[in-house]
Amino acid sequence: NQEITSKEICEHFSCSRSYMSTEFNKYFGKTIREYITELRIAYAKSLLTYSSLSVTEIAYCIGFSDANYFSSLFKKLNKITPLQYRKASRK
């Protein structure tokens, strides 16, 4: 749920940002930010399904400081809102 920067990742692995970006994209076919976002959204789906946390609480739990941005990004990636996803996943 914390902000992860490419600088921190590069420091951890002792490499340059350009090298890390290139290698990450080669291996995963996406940017580091896209990958982290996908992980966060996957965790949000789990929380929506198995917890009673509000959408705002889930947004904060997974590292978003703006619940509205989280909801719009969730809808963009999943074609439904977080509340619609919750309802559908609990049937």
# chains A, B, ... in the order shown; residues from 1 in each chain; ligands from 1
>>> residues_around(residues="Ser65 in chain A", least_positions_apart="5", cutoff="12 Å", atoms="only C-alpha atoms", output="list of chain:residue names")
A:Asn1, A:Gln2, A:Glu3, A:Thr56, A:Glu57, A:Ile58, A:Ala59, A:Tyr60, A:Phe70, A:Ser71
>>> select_by_dssp(residues="chain A", states="alpha helix (DSSP H)", output="PyMOL selection string")
chain A and resi 6-13+17-28+32-50+55-61+67-78+82-89
>>> closest_atom_pairs(of="range 21-56 of chain A", to="range 72-76 of chain A", cutoff="12 Å", atoms="only C-alpha atoms", output="tab-separated table")
residue	atom	partner	partner_atom	distance
A:Glu34	CA	A:Leu73	CA	11.7
A:Thr37	CA	A:Leu73	CA	9.4
A:Glu38	CA	A:Phe74	CA	9.8
A:Leu39	CA	A:Phe74	CA	11.9
A:Arg40	CA	A:Phe74	CA	10.0
A:Ile41	CA	A:Phe74	CA	6.9
A:Ala42	CA	A:Phe74	CA	9.9
A:Tyr43	CA	A:Phe74	CA	11.5
A:Ala44	CA	A:Phe74	CA	8.9
A:Lys45	CA	A:Phe74	CA	9.4
A:Leu48	CA	A:Phe74	CA	11.6
A:Val55	CA	A:Phe74	CA	10.7
>>> write_last_selection(atoms="all heavy atoms", output="CSV table (one decimal), in the first residue's frame")
chain,number,residue,atom,x,y,z
A,34,GLU,N,2.6,0.0,-14.5
A,34,GLU,CA,1.4,-0.8,-15.0
A,34,GLU,C,1.3,-2.1,-14.2
A,34,GLU,O,0.3,-2.5,-13.8
A,34,GLU,CB,1.5,-1.1,-16.5
A,34,GLU,CG,1.3,0.1,-17.4
A,34,GLU,CD,1.7,-0.2,-18.8
A,34,GLU,OE1,2.5,-1.1,-19.1
A,34,GLU,OE2,1.1,0.5,-19.7
A,37,THR,N,0.2,-1.4,-10.6
A,37,THR,CA,-1.2,-1.0,-10.7
A,37,THR,C,-2.1,-2.3,-10.8
A,37,THR,O,-3.1,-2.5,-10.1
A,37,THR,CB,-1.6,0.0,-11.8
A,37,THR,OG1,-0.8,1.2,-11.6
A,37,THR,CG2,-3.0,0.2,-11.9
A,38,GLU,N,-1.7,-3.2,-11.7
A,38,GLU,CA,-2.4,-4.5,-11.8
A,38,GLU,C,-2.4,-5.3,-10.5
A,38,GLU,O,-3.4,-5.9,-10.2
A,38,GLU,CB,-1.8,-5.3,-13.0
A,38,GLU,CG,-2.1,-4.8,-14.3
A,38,GLU,CD,-1.4,-5.6,-15.4
A,38,GLU,OE1,-0.8,-6.7,-15.2
A,38,GLU,OE2,-1.5,-5.2,-16.6
A,39,LEU,N,-1.3,-5.3,-9.8
A,39,LEU,CA,-1.2,-6.0,-8.5
A,39,LEU,C,-2.2,-5.4,-7.5
A,39,LEU,O,-2.9,-6.1,-6.8
A,39,LEU,CB,0.2,-6.0,-8.0
A,39,LEU,CG,1.2,-6.8,-8.7
A,39,LEU,CD1,2.6,-6.6,-8.0
A,39,LEU,CD2,0.9,-8.3,-8.6
A,40,ARG,N,-2.2,-4.0,-7.5
A,40,ARG,CA,-3.1,-3.3,-6.6
A,40,ARG,C,-4.6,-3.6,-6.9
A,40,ARG,O,-5.4,-3.8,-6.0
A,40,ARG,CB,-2.8,-1.8,-6.6
A,40,ARG,CG,-1.5,-1.5,-5.9
A,40,ARG,CD,-1.2,-0.1,-5.8
A,40,ARG,NE,0.0,0.1,-5.0
A,40,ARG,CZ,0.8,1.2,-5.0
A,40,ARG,NH1,0.5,2.2,-5.8
A,40,ARG,NH2,1.8,1.3,-4.2
A,41,ILE,N,-4.9,-3.6,-8.2
A,41,ILE,CA,-6.3,-3.8,-8.6
A,41,ILE,C,-6.7,-5.2,-8.3
A,41,ILE,O,-7.8,-5.5,-7.8
A,41,ILE,CB,-6.5,-3.4,-10.1
A,41,ILE,CG1,-6.3,-1.9,-10.3
A,41,ILE,CG2,-7.9,-3.9,-10.5
A,41,ILE,CD1,-7.3,-1.0,-9.6
A,42,ALA,N,-5.8,-6.2,-8.4
A,42,ALA,CA,-6.1,-7.6,-8.1
A,42,ALA,C,-6.3,-7.7,-6.6
A,42,ALA,O,-7.3,-8.4,-6.2
A,42,ALA,CB,-4.9,-8.5,-8.5
A,43,TYR,N,-5.6,-7.0,-5.8
A,43,TYR,CA,-5.8,-7.1,-4.4
A,43,TYR,C,-7.1,-6.4,-4.0
A,43,TYR,O,-7.8,-6.9,-3.1
A,43,TYR,CB,-4.6,-6.4,-3.6
A,43,TYR,CG,-4.7,-6.5,-2.1
A,43,TYR,CD1,-5.1,-7.7,-1.5
A,43,TYR,CD2,-4.4,-5.4,-1.3
A,43,TYR,CE1,-5.1,-7.8,-0.1
A,43,TYR,CE2,-4.4,-5.5,0.0
A,43,TYR,CZ,-4.8,-6.7,0.7
A,43,TYR,OH,-4.9,-6.7,2.0
A,44,ALA,N,-7.4,-5.3,-4.7
A,44,ALA,CA,-8.7,-4.6,-4.5
A,44,ALA,C,-9.9,-5.6,-4.8
A,44,ALA,O,-10.9,-5.6,-4.0
A,44,ALA,CB,-8.8,-3.4,-5.3
A,45,LYS,N,-9.8,-6.3,-5.8
A,45,LYS,CA,-10.8,-7.3,-6.2
A,45,LYS,C,-11.0,-8.3,-5.0
A,45,LYS,O,-12.1,-8.6,-4.7
A,45,LYS,CB,-10.5,-8.0,-7.5
A,45,LYS,CG,-10.6,-7.2,-8.7
A,45,LYS,CD,-10.2,-8.0,-9.9
A,45,LYS,CE,-10.5,-7.3,-11.2
A,45,LYS,NZ,-10.1,-8.1,-12.4
A,48,LEU,N,-12.7,-6.5,-2.2
A,48,LEU,CA,-14.1,-6.2,-2.6
A,48,LEU,C,-15.0,-7.5,-2.4
A,48,LEU,O,-16.1,-7.5,-1.9
A,48,LEU,CB,-14.3,-5.7,-4.0
A,48,LEU,CG,-13.8,-4.3,-4.2
A,48,LEU,CD1,-13.6,-4.0,-5.7
A,48,LEU,CD2,-14.8,-3.3,-3.6
A,55,VAL,N,-15.3,1.1,-0.4
A,55,VAL,CA,-14.5,1.4,-1.5
A,55,VAL,C,-13.4,2.4,-1.2
A,55,VAL,O,-12.2,2.2,-1.5
A,55,VAL,CB,-15.3,1.8,-2.7
A,55,VAL,CG1,-14.4,2.3,-3.9
A,55,VAL,CG2,-16.2,0.7,-3.2
>>> atom_distance(atom1="CA of Ile32 in chain A", atom2="CA of Ser6 in chain A")
7.5 Å
>>> closest_residue(among="A:Arg86, A:Lys26, A:His12, A:Arg33", to="Ser51 in chain A", atoms="only C-alpha atoms")
A:Arg86
>>> closest_residue(among="A:Arg90, A:Ser52, A:Cys61, A:Lys7", to="Tyr19 in chain A", atoms="only C-alpha atoms")
A:Lys7
>>> atom_distance(atom1="CA of Lys79 in chain A", atom2="CA of Thr49 in chain A")
16.7 Å
>>> atom_distance(atom1="CA of Ser21 in chain A", atom2="CA of Leu77 in chain A")
22.4 Å
>>> decode(residues="range 8-78 of chain A", atoms="C-alpha atoms", output="PDB file, in the first residue's frame")
ATOM      1  CA  GLU A   8      13.833   2.813  -5.003  1.00  0.00           C
ATOM      2  CA  ILE A   9      13.675  -0.325  -7.114  1.00  0.00           C
ATOM      3  CA  CYS A  10      16.848   0.633  -8.956  1.00  0.00           C
ATOM      4  CA  GLU A  11      18.660   1.386  -5.703  1.00  0.00           C
ATOM      5  CA  HIS A  12      17.575  -1.992  -4.334  1.00  0.00           C
ATOM      6  CA  PHE A  13      18.933  -3.828  -7.394  1.00  0.00           C
ATOM      7  CA  SER A  14      21.892  -1.457  -7.967  1.00  0.00           C
ATOM      8  CA  CYS A  15      21.045  -0.615 -11.561  1.00  0.00           C
ATOM      9  CA  SER A  16      20.066   2.391 -13.643  1.00  0.00           C
ATOM     10  CA  ARG A  17      16.457   3.377 -14.304  1.00  0.00           C
ATOM     11  CA  SER A  18      16.821   2.925 -18.045  1.00  0.00           C
ATOM     12  CA  TYR A  19      18.266  -0.579 -17.638  1.00  0.00           C
ATOM     13  CA  MET A  20      15.561  -1.569 -15.132  1.00  0.00           C
ATOM     14  CA  SER A  21      12.779  -0.178 -17.333  1.00  0.00           C
ATOM     15  CA  THR A  22      14.071  -1.914 -20.434  1.00  0.00           C
ATOM     16  CA  GLU A  23      14.583  -5.276 -18.744  1.00  0.00           C
ATOM     17  CA  PHE A  24      11.287  -5.131 -16.879  1.00  0.00           C
ATOM     18  CA  ASN A  25       9.403  -4.303 -20.067  1.00  0.00           C
ATOM     19  CA  LYS A  26      11.190  -7.110 -21.924  1.00  0.00           C
ATOM     20  CA  TYR A  27      10.301  -9.648 -19.250  1.00  0.00           C
ATOM     21  CA  PHE A  28       6.764  -8.556 -18.353  1.00  0.00           C
ATOM     22  CA  GLY A  29       5.660  -6.663 -21.476  1.00  0.00           C
ATOM     23  CA  LYS A  30       4.570  -3.650 -19.443  1.00  0.00           C
ATOM     24  CA  THR A  31       5.995  -0.820 -17.392  1.00  0.00           C
ATOM     25  CA  ILE A  32       6.766  -1.134 -13.701  1.00  0.00           C
ATOM     26  CA  ARG A  33       3.908   1.266 -12.903  1.00  0.00           C
ATOM     27  CA  GLU A  34       1.433  -0.772 -14.985  1.00  0.00           C
ATOM     28  CA  TYR A  35       2.528  -3.958 -13.219  1.00  0.00           C
ATOM     29  CA  ILE A  36       2.168  -2.430  -9.750  1.00  0.00           C
ATOM     30  CA  THR A  37      -1.244  -1.026 -10.676  1.00  0.00           C
ATOM     31  CA  GLU A  38      -2.393  -4.475 -11.836  1.00  0.00           C
ATOM     32  CA  LEU A  39      -1.242  -5.999  -8.533  1.00  0.00           C
ATOM     33  CA  ARG A  40      -3.084  -3.330  -6.563  1.00  0.00           C
ATOM     34  CA  ILE A  41      -6.289  -3.788  -8.564  1.00  0.00           C
ATOM     35  CA  ALA A  42      -6.094  -7.574  -8.107  1.00  0.00           C
ATOM     36  CA  TYR A  43      -5.788  -7.068  -4.353  1.00  0.00           C
ATOM     37  CA  ALA A  44      -8.704  -4.620  -4.465  1.00  0.00           C
ATOM     38  CA  LYS A  45     -10.818  -7.300  -6.154  1.00  0.00           C
ATOM     39  CA  SER A  46     -10.016  -9.694  -3.345  1.00  0.00           C
ATOM     40  CA  LEU A  47     -10.919  -7.083  -0.731  1.00  0.00           C
ATOM     41  CA  LEU A  48     -14.142  -6.240  -2.551  1.00  0.00           C
ATOM     42  CA  THR A  49     -15.089  -9.909  -2.569  1.00  0.00           C
ATOM     43  CA  TYR A  50     -14.023 -11.018   0.890  1.00  0.00           C
ATOM     44  CA  SER A  51     -14.132  -7.940   3.123  1.00  0.00           C
ATOM     45  CA  SER A  52     -16.713  -5.455   4.264  1.00  0.00           C
ATOM     46  CA  LEU A  53     -14.375  -2.489   3.792  1.00  0.00           C
ATOM     47  CA  SER A  54     -15.801   0.465   1.908  1.00  0.00           C
ATOM     48  CA  VAL A  55     -14.456   1.356  -1.525  1.00  0.00           C
ATOM     49  CA  THR A  56     -12.710   4.353   0.029  1.00  0.00           C
ATOM     50  CA  GLU A  57     -11.056   2.172   2.669  1.00  0.00           C
ATOM     51  CA  ILE A  58      -9.968  -0.301   0.009  1.00  0.00           C
ATOM     52  CA  ALA A  59      -8.521   2.508  -2.114  1.00  0.00           C
ATOM     53  CA  TYR A  60      -6.384   3.639   0.819  1.00  0.00           C
ATOM     54  CA  CYS A  61      -5.426   0.070   1.757  1.00  0.00           C
ATOM     55  CA  ILE A  62      -4.008  -0.617  -1.681  1.00  0.00           C
ATOM     56  CA  GLY A  63      -2.055   2.628  -1.934  1.00  0.00           C
ATOM     57  CA  PHE A  64      -4.368   5.138  -3.604  1.00  0.00           C
ATOM     58  CA  SER A  65      -4.749   8.511  -1.879  1.00  0.00           C
ATOM     59  CA  ASP A  66      -7.818   9.402  -3.954  1.00  0.00           C
ATOM     60  CA  ALA A  67     -10.794   7.040  -3.847  1.00  0.00           C
ATOM     61  CA  ASN A  68     -12.408   8.691  -6.876  1.00  0.00           C
ATOM     62  CA  TYR A  69      -9.286   8.113  -8.956  1.00  0.00           C
ATOM     63  CA  PHE A  70      -9.181   4.499  -7.760  1.00  0.00           C
ATOM     64  CA  SER A  71     -12.831   3.982  -8.746  1.00  0.00           C
ATOM     65  CA  SER A  72     -12.364   5.500 -12.194  1.00  0.00           C
ATOM     66  CA  LEU A  73      -9.198   3.477 -12.821  1.00  0.00           C
ATOM     67  CA  PHE A  74     -10.906   0.306 -11.603  1.00  0.00           C
ATOM     68  CA  LYS A  75     -13.798   0.933 -13.994  1.00  0.00           C
ATOM     69  CA  LYS A  76     -11.432   1.705 -16.877  1.00  0.00           C
ATOM     70  CA  LEU A  77      -9.568  -1.577 -16.353  1.00  0.00           C
ATOM     71  CA  ASN A  78     -12.556  -3.804 -15.512  1.00  0.00           C
TER      72      ASN A  78
END
